[in-house]
Each structure stands twice: as C-alpha cells, then as structure tokens.
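Trainee: Data: protein_32.txt, compact mmCIF, C-alpha atoms.
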# COMPACT_ATOMS: atom_id res chain seq x y z
CA ASP T 1 243.36 246.99 280.28
CA ALA T 2 243.89 245.55 283.76
CA VAL T 3 242.73 248.78 285.41
CA ALA T 4 239.31 248.38 283.77
CA LEU T 5 238.97 244.70 284.75
CA PRO T 6 237.48 245.24 288.23
CA ALA T 7 234.68 247.39 286.78
CA VAL T 8 233.93 244.68 284.21
CA LEU T 9 233.75 242.07 286.98
CA LEU T 10 231.44 244.31 289.03
CA GLU T 11 229.20 244.79 286.01
CA ILE T 12 228.98 241.03 285.48
CA ALA T 13 228.17 240.47 289.17
CA ARG T 14 225.39 243.05 289.01
CA GLY T 15 224.06 241.81 285.67
CA GLN T 16 220.40 241.20 284.89
CA GLY T 17 219.20 243.05 287.97
CA ARG T 18 220.69 240.53 290.41
CA GLN T 19 223.65 240.92 292.70
CA HIS T 20 225.82 237.83 292.46
CA PRO T 21 228.29 237.24 295.28
CA ILE T 22 231.85 238.37 294.67
CA GLU T 23 234.86 236.54 296.06
CA VAL T 24 238.39 237.82 295.48
CA LEU T 25 241.13 235.19 295.73
CA PHE T 26 244.62 236.54 296.39
CA HIS T 27 246.89 233.95 294.76
CA ASP T 28 249.36 236.79 294.34
CA PHE T 29 249.20 240.54 294.93
CA PHE T 30 247.93 241.67 291.51
CA PRO T 31 244.94 243.52 293.06
CA ILE T 32 247.45 245.57 295.10
CA SER T 33 249.88 246.45 292.30
CA PRO T 34 250.59 245.69 288.66
CA SER T 35 253.85 244.37 290.11
CA TYR T 36 252.05 241.27 291.42
CA THR T 37 255.06 240.23 293.52
CA LEU T 38 255.26 243.74 295.01
CA LEU T 39 258.85 244.11 293.78
CA GLY T 40 259.76 247.67 292.94
CA ARG T 41 262.17 249.10 290.40
CA GLY T 42 265.34 247.03 290.31
CA GLY T 43 263.52 243.91 291.51
CA THR T 44 263.69 244.84 295.18
CA TYR T 45 260.94 244.50 297.79
CA ARG T 46 260.61 247.74 299.73
CA GLY T 47 257.30 247.12 301.48
CA VAL T 48 253.62 247.16 300.64
CA PRO T 49 252.87 249.86 298.07
CA VAL T 50 249.92 252.05 299.04
CA ALA T 51 248.42 254.82 296.95
CA ASP T 52 249.42 257.65 299.27
CA GLY T 53 252.73 256.15 300.40
CA ALA T 54 256.38 256.57 299.56
CA LEU T 55 256.34 253.71 297.03
CA ALA T 56 253.50 255.16 294.94
CA GLY T 57 255.92 256.91 292.58
CA ASP T 58 257.89 253.75 291.77
CA PRO T 59 257.27 253.01 288.06
CA ALA T 60 257.08 249.29 288.83
CA HIS T 61 253.75 250.03 290.54
CA HIS T 62 252.33 251.92 287.55
CA CYS T 63 250.47 250.27 284.70
CA PRO T 64 250.64 251.07 280.99
CA ARG T 65 247.17 251.39 279.46
CA PRO T 66 246.31 250.98 275.80
CA GLY T 67 245.69 254.37 274.21
CA ARG T 68 245.87 256.21 277.55
CA ALA T 69 248.32 257.57 280.04
CA ASP T 70 249.80 255.09 282.46
CA ALA T 71 247.69 254.31 285.51
CA THR T 72 249.24 255.37 288.79
CA LEU T 73 249.19 253.18 291.86
CA ALA T 74 246.33 255.36 293.16
CA ASP T 75 244.35 254.66 289.95
CA TRP T 76 245.10 250.95 290.27
CA GLN T 77 244.10 250.68 293.91
CA ALA T 78 240.96 252.76 293.42
CA ALA T 79 239.81 250.41 290.64
CA TRP T 80 240.68 247.19 292.45
CA GLY T 81 239.52 248.63 295.78
CA ALA T 82 236.00 249.00 294.37
CA LEU T 83 235.92 245.27 293.64
CA ILE T 84 237.33 244.44 297.07
CA ASP T 85 234.74 246.73 298.72
CA ALA T 86 231.95 244.83 296.92
CA ALA T 87 233.31 241.39 297.79
CA GLU T 88 231.62 239.14 300.31
CA ARG T 89 234.93 237.38 300.86
CA CYS T 90 238.56 238.20 300.16
CA VAL T 91 240.54 235.00 300.51
CA VAL T 92 244.26 234.81 301.26
CA TYR T 93 246.30 231.72 302.01
CA SER T 94 248.55 232.86 304.86
CA ASP T 95 248.56 235.23 307.79
CA ASP T 96 251.35 237.20 306.12
CA SER T 97 249.25 237.66 302.98
CA ALA T 98 246.35 238.83 305.17
CA ARG T 99 248.65 241.43 306.75
CA ILE T 100 249.79 242.67 303.32
CA VAL T 101 246.25 242.90 301.91
CA ALA T 102 244.98 244.67 305.05
CA GLN T 103 247.81 247.18 304.77
CA ALA T 104 246.89 248.02 301.17
CA TYR T 105 243.13 247.78 301.70
CA PRO T 106 242.21 248.34 305.37
CA GLN T 107 238.52 248.17 304.40
CA ALA T 108 239.00 244.49 303.45
CA GLY T 109 239.41 243.56 307.11
CA LYS T 110 235.74 242.69 307.52
CA THR T 111 235.76 240.24 304.60
CA LEU T 112 239.34 238.96 304.76
CA VAL T 113 239.57 235.21 305.31
CA VAL T 114 242.73 233.12 305.73
CA GLU T 115 242.36 229.66 304.17
CA PRO T 116 245.73 227.91 304.03
CA HIS T 117 246.27 225.49 301.17
CA SER T 118 246.06 221.84 302.09
CA LEU T 119 247.30 218.72 300.38
CA ARG T 120 244.65 216.94 298.33
CA ALA T 121 246.25 213.57 298.92
CA HIS T 122 248.76 211.98 301.25
CA VAL T 123 252.34 212.25 299.99
CA PRO T 124 254.23 209.05 300.71
CA ALA T 125 257.70 209.17 302.21
CA ILE T 126 260.45 208.31 299.77
CA ALA T 127 263.54 206.60 301.10
CA PRO T 128 266.68 208.60 300.31
CA VAL T 129 269.29 207.12 298.01
CA LEU T 130 272.56 207.36 299.89
CA ARG T 131 274.97 206.54 297.08
CA GLY T 132 276.42 208.64 294.31
CA THR T 133 276.27 212.40 293.93
CA PRO T 134 273.34 213.99 295.78
CA VAL T 135 270.67 215.60 293.63
CA ILE T 136 268.86 218.71 294.83
CA GLY T 137 265.42 219.05 293.24
CA VAL T 138 263.70 222.44 293.05
CA LEU T 139 260.02 222.39 292.17
CA GLY T 140 258.22 225.21 290.44
CA ASN T 141 258.56 227.87 287.82
CA ILE T 142 261.41 229.77 289.45
CA GLY T 143 261.37 233.37 288.28
CA TYR T 144 263.43 236.27 289.52
CA GLN T 145 261.11 236.93 292.46
CA LYS T 146 261.37 233.31 293.62
CA GLY T 147 265.15 233.22 293.69
CA ALA T 148 266.32 232.37 290.17
CA ALA T 149 269.54 234.32 290.73
CA VAL T 150 270.23 232.34 293.92
CA LEU T 151 269.70 229.08 292.05
CA GLN T 152 272.01 230.24 289.25
CA LYS T 153 274.76 230.98 291.76
CA LEU T 154 274.17 227.67 293.55
CA SER T 155 274.23 225.81 290.23
CA ARG T 156 277.59 227.32 289.29
CA GLU T 157 279.05 226.51 292.71
CA LEU T 158 277.78 222.92 292.59
CA ALA T 159 279.14 222.47 289.05
CA ARG T 160 282.51 223.77 290.21
CA SER T 161 282.67 221.71 293.41
CA GLY T 162 280.85 218.56 292.26
CA ALA T 163 279.22 218.40 295.71
CA ALA T 164 275.72 217.84 294.23
CA ARG T 165 273.64 218.27 291.12
CA LEU T 166 270.79 220.74 290.86
CA VAL T 167 267.62 219.86 288.97
CA VAL T 168 264.82 222.41 288.45
CA ILE T 169 261.44 220.88 287.68
CA GLY T 170 258.86 223.30 286.36
Please go through the file and, once you have read it, give me the structure as structure tokens.
Mentor:
Amino acid sequence: DAVALPAVLLEIARGQGRQHPIEVLFHDFFPISPSYTLLGRGGTYRGVPVADGALAGDPAHHCPRPGRADATLADWQAAWGALIDAAERCVVYSDDSARIVAQAYPQAGKTLVVEPHSLRAHVPAIAPVLRGTPVIGVLGNIGYQKGAAVLQKLSRELARSGAARLVVIG
C-alpha cells in the first residue's frame, strides 16, 4: 500500500525514542502522484497535479489500495506531504524538478536542494566510424513516457529508407 509507506518511514525514523534524519530523494515524481511520470489519462502531461487542482480528478493520479477504496490525489499528497514536512532535505536533480516539487509541495521550499548528477568517471571521446550505414544508439529503458512511440516511428522510417540503423540498449 504505497499510501501507507510514508507513515511507515516516519515510524522507522522516530523509532526507539530517537529522531533519525529524513532525506527524500526525488528520482522521479512518485511522492507527487502514483503516476510517477506525472502523465495523466491517455499518457499525456497536463501539468503538475495538485490535490485541490483541476487534475485531481484524473484517475491516473489515483491509487488502488488493497482492501480499501482507491486513494485520491489529496489522500496521496497528504500522506507523502507528511514525510516531506518531516524531511531535513528533499533532494532533486534539476531546477525543473525543483519547480515541480515546489508546485506540489510549497512547504518543501525550505528543505529543497538541487544536486545535479555528475559523472563518476571521465568518458573518453570515441572517434566516429565514417563508413557504412550509420548506427543510432539509444541508451536506457525507453518506456512510453520517454518516447518509445517516437522511437518506433523512427525505427520504421529508418528501416524503410535505409538511412541508418537504430539500436536500443537497455
């Protein structure tokens, strides 16, 4: 039950009479909506869903619960908001993510920190191979929200034209 998870985490942090520091890392937007990519019904982004906003009724932002009625976006954000309120730090990895989190949880502003990802090692330059059919490499697990339909269309066009090959790695 993902709606109950923040309360469990708070209980663990407050366990044994001590308050352990809480840090919330926003690798995606799961604390904002069960639709962790913020896509609404039909797979379309319509803005940041907030509990009292126009997107609150979109079923994509509701969460089925075992043995209970579905949680509304208001239920979801109340539960996750309690964890965010208790956090010493809420970490995002871009200014845009900070804007999105602050829109959903204005109270997070005091603890919101932007820490962009950095490379752990130097990536050497690779000389391009200028003969034969070009190969376009796409890295990552490309789901709908990351453009899988665009890659499908591109793949069909490249297969038809022979202009390049497309390779998806991940």
Trainee: Would you write out, as a Markdown table, a table of all residues in stretch 89-125 of chain T that have an atom no more than 12 Å from an atom of stretch 23-45 of chain T, listing for each the closest atom pair and the distance in Å to one decimal, considering only C-alpha atoms and ordering rows by chain and rising residue number?
Mentor:
| residue | atom | partner | partner_atom | distance |
| --- | --- | --- | --- | --- |
| T:Arg89 | CA | T:Glu23 | CA | 4.9 |
| T:Cys90 | CA | T:Val24 | CA | 4.7 |
| T:Val91 | CA | T:Leu25 | CA | 4.8 |
| T:Val92 | CA | T:Phe26 | CA | 5.2 |
| T:Tyr93 | CA | T:Phe26 | CA | 7.6 |
| T:Ser94 | CA | T:Phe26 | CA | 10.0 |
| T:Asp96 | CA | T:Phe26 | CA | 11.8 |
| T:Ser97 | CA | T:Phe26 | CA | 8.1 |
| T:Ala98 | CA | T:Phe26 | CA | 9.2 |
| T:Arg99 | CA | T:Phe29 | CA | 11.9 |
| T:Ile100 | CA | T:Phe29 | CA | 8.7 |
| T:Val101 | CA | T:Ile32 | CA | 7.4 |
| T:Ala102 | CA | T:Ile32 | CA | 10.3 |
| T:Gln103 | CA | T:Ile32 | CA | 9.8 |
| T:Ala104 | CA | T:Ile32 | CA | 6.6 |
| T:Tyr105 | CA | T:Ile32 | CA | 8.2 |
| T:Pro106 | CA | T:Ile32 | CA | 11.9 |
| T:Ala108 | CA | T:Val24 | CA | 10.4 |
| T:Thr111 | CA | T:Glu23 | CA | 9.4 |
| T:Leu112 | CA | T:Val24 | CA | 9.4 |
| T:Val113 | CA | T:Leu25 | CA | 9.7 |
| T:Val114 | CA | T:Phe26 | CA | 10.1 |
| T:Glu115 | CA | T:Leu25 | CA | 10.2 |
| T:Pro116 | CA | T:His27 | CA | 11.1 |
| T:His117 | CA | T:His27 | CA | 10.6 |
Trainee: Excluding stretch 7-12 of chain T and its own-chain neighbours fewer than 6 positions away, which residues fall within 10 Å of it when counting all atoms listed in the file? Please give them as a ChimeraX atom specification.
Mentor: /T:18-22,79-80,82-84,86-87
Trainee: What separation in Å, quoted to one decimal, exists between atom CA of T:Pro64 and atom CA of T:Tyr144?
Mentor: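 We find that atom CA of T:Pro64 and atom CA of T:Tyr144 lie 21.3 Å from each other.
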Trainee: Which value, in Å to one decimal, gives the distance between atom CA of T:Ala164 and atom CA of T:Gly137?
Mentor: 10.4 Å
Trainee: Any idea what the distance is between atom CA of T:Leu5 and atom CA of T:Ala71?
Mentor: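 We find that atom CA of T:Leu5 and atom CA of T:Ala71 lie 13.0 Å from each other.
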Trainee: Kindly compute an axis-aligned box around the listed atoms of stretch 43-55 of chain T, allowing 3 Å on each side, and express its centre and edge lengths in Å to one decimal as JSON.
Mentor:
{"center_x": 256.1, "center_y": 250.8, "center_z": 296.5, "size_x": 21.3, "size_y": 19.7, "size_z": 16.0}
Trainee: So that I can check the surroundings of T:Leu73, please list as a PyMOL selection string every protein, DNA and RNA residue that reaches within 6 Å of it, counting all atoms listed in the file and ignoring chain neighbours fewer than 6 positions away.
Mentor: chain T and resi 51+56+61-62
Trainee: How would the residues just chosen look if you wrote them out with C-alpha atoms as a short mmCIF file (atom, residue, chain, number, x, y, z; two decimals), in the frame of the given file?
Mentor:
data_model
loop_
_atom_site.label_atom_id
_atom_site.label_comp_id
_atom_site.auth_asym_id
_atom_site.auth_seq_id
_atom_site.Cartn_x
_atom_site.Cartn_y
_atom_site.Cartn_z
CA ALA T 51 248.42 254.82 296.95
CA ALA T 56 253.50 255.16 294.94
CA HIS T 61 253.75 250.03 290.54
CA HIS T 62 252.33 251.92 287.55
#
Trainee: Counting only C-alpha atoms, what is within 10 Å of stretch 146-162 of chain T, bar same-chain residues fewer than 5 positions away, as a PyMOL selection string?
Mentor: chain T and resi 37+133-134+138+140-141+167-168
Trainee: For a quick check of understanding, using only C-alpha atoms, which of T:Ile136, T:Ala54, T:Ala60, T:Asp75 has the smallest distance to T:Ala4?
Mentor: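 Counting only C-alpha atoms, the residue closest to T:Ala4 is T:Asp75.
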Trainee: Looking at all atoms listed in the file, which of T:Asp52, T:Glu88, T:Asp1, T:Asp95 is the one that sits closest to T:Arg68?
Mentor: T:Asp1
Trainee: Which residue out of T:Ala121, T:Ala163, T:Cys63, T:Val3 has the minimum interatomic distance to T:Gly81 when all atoms listed in the file are used?
Mentor: T:Val3
Trainee: Check the smallest atom-to-atom distance from each of T:Pro128, T:Gly17, T:Gly47, T:Pro6 to T:Ala78 using only C-alpha atoms, then report the winner.
Mentor: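 Distance minimum relative to T:Ala78 lands on T:Pro6.
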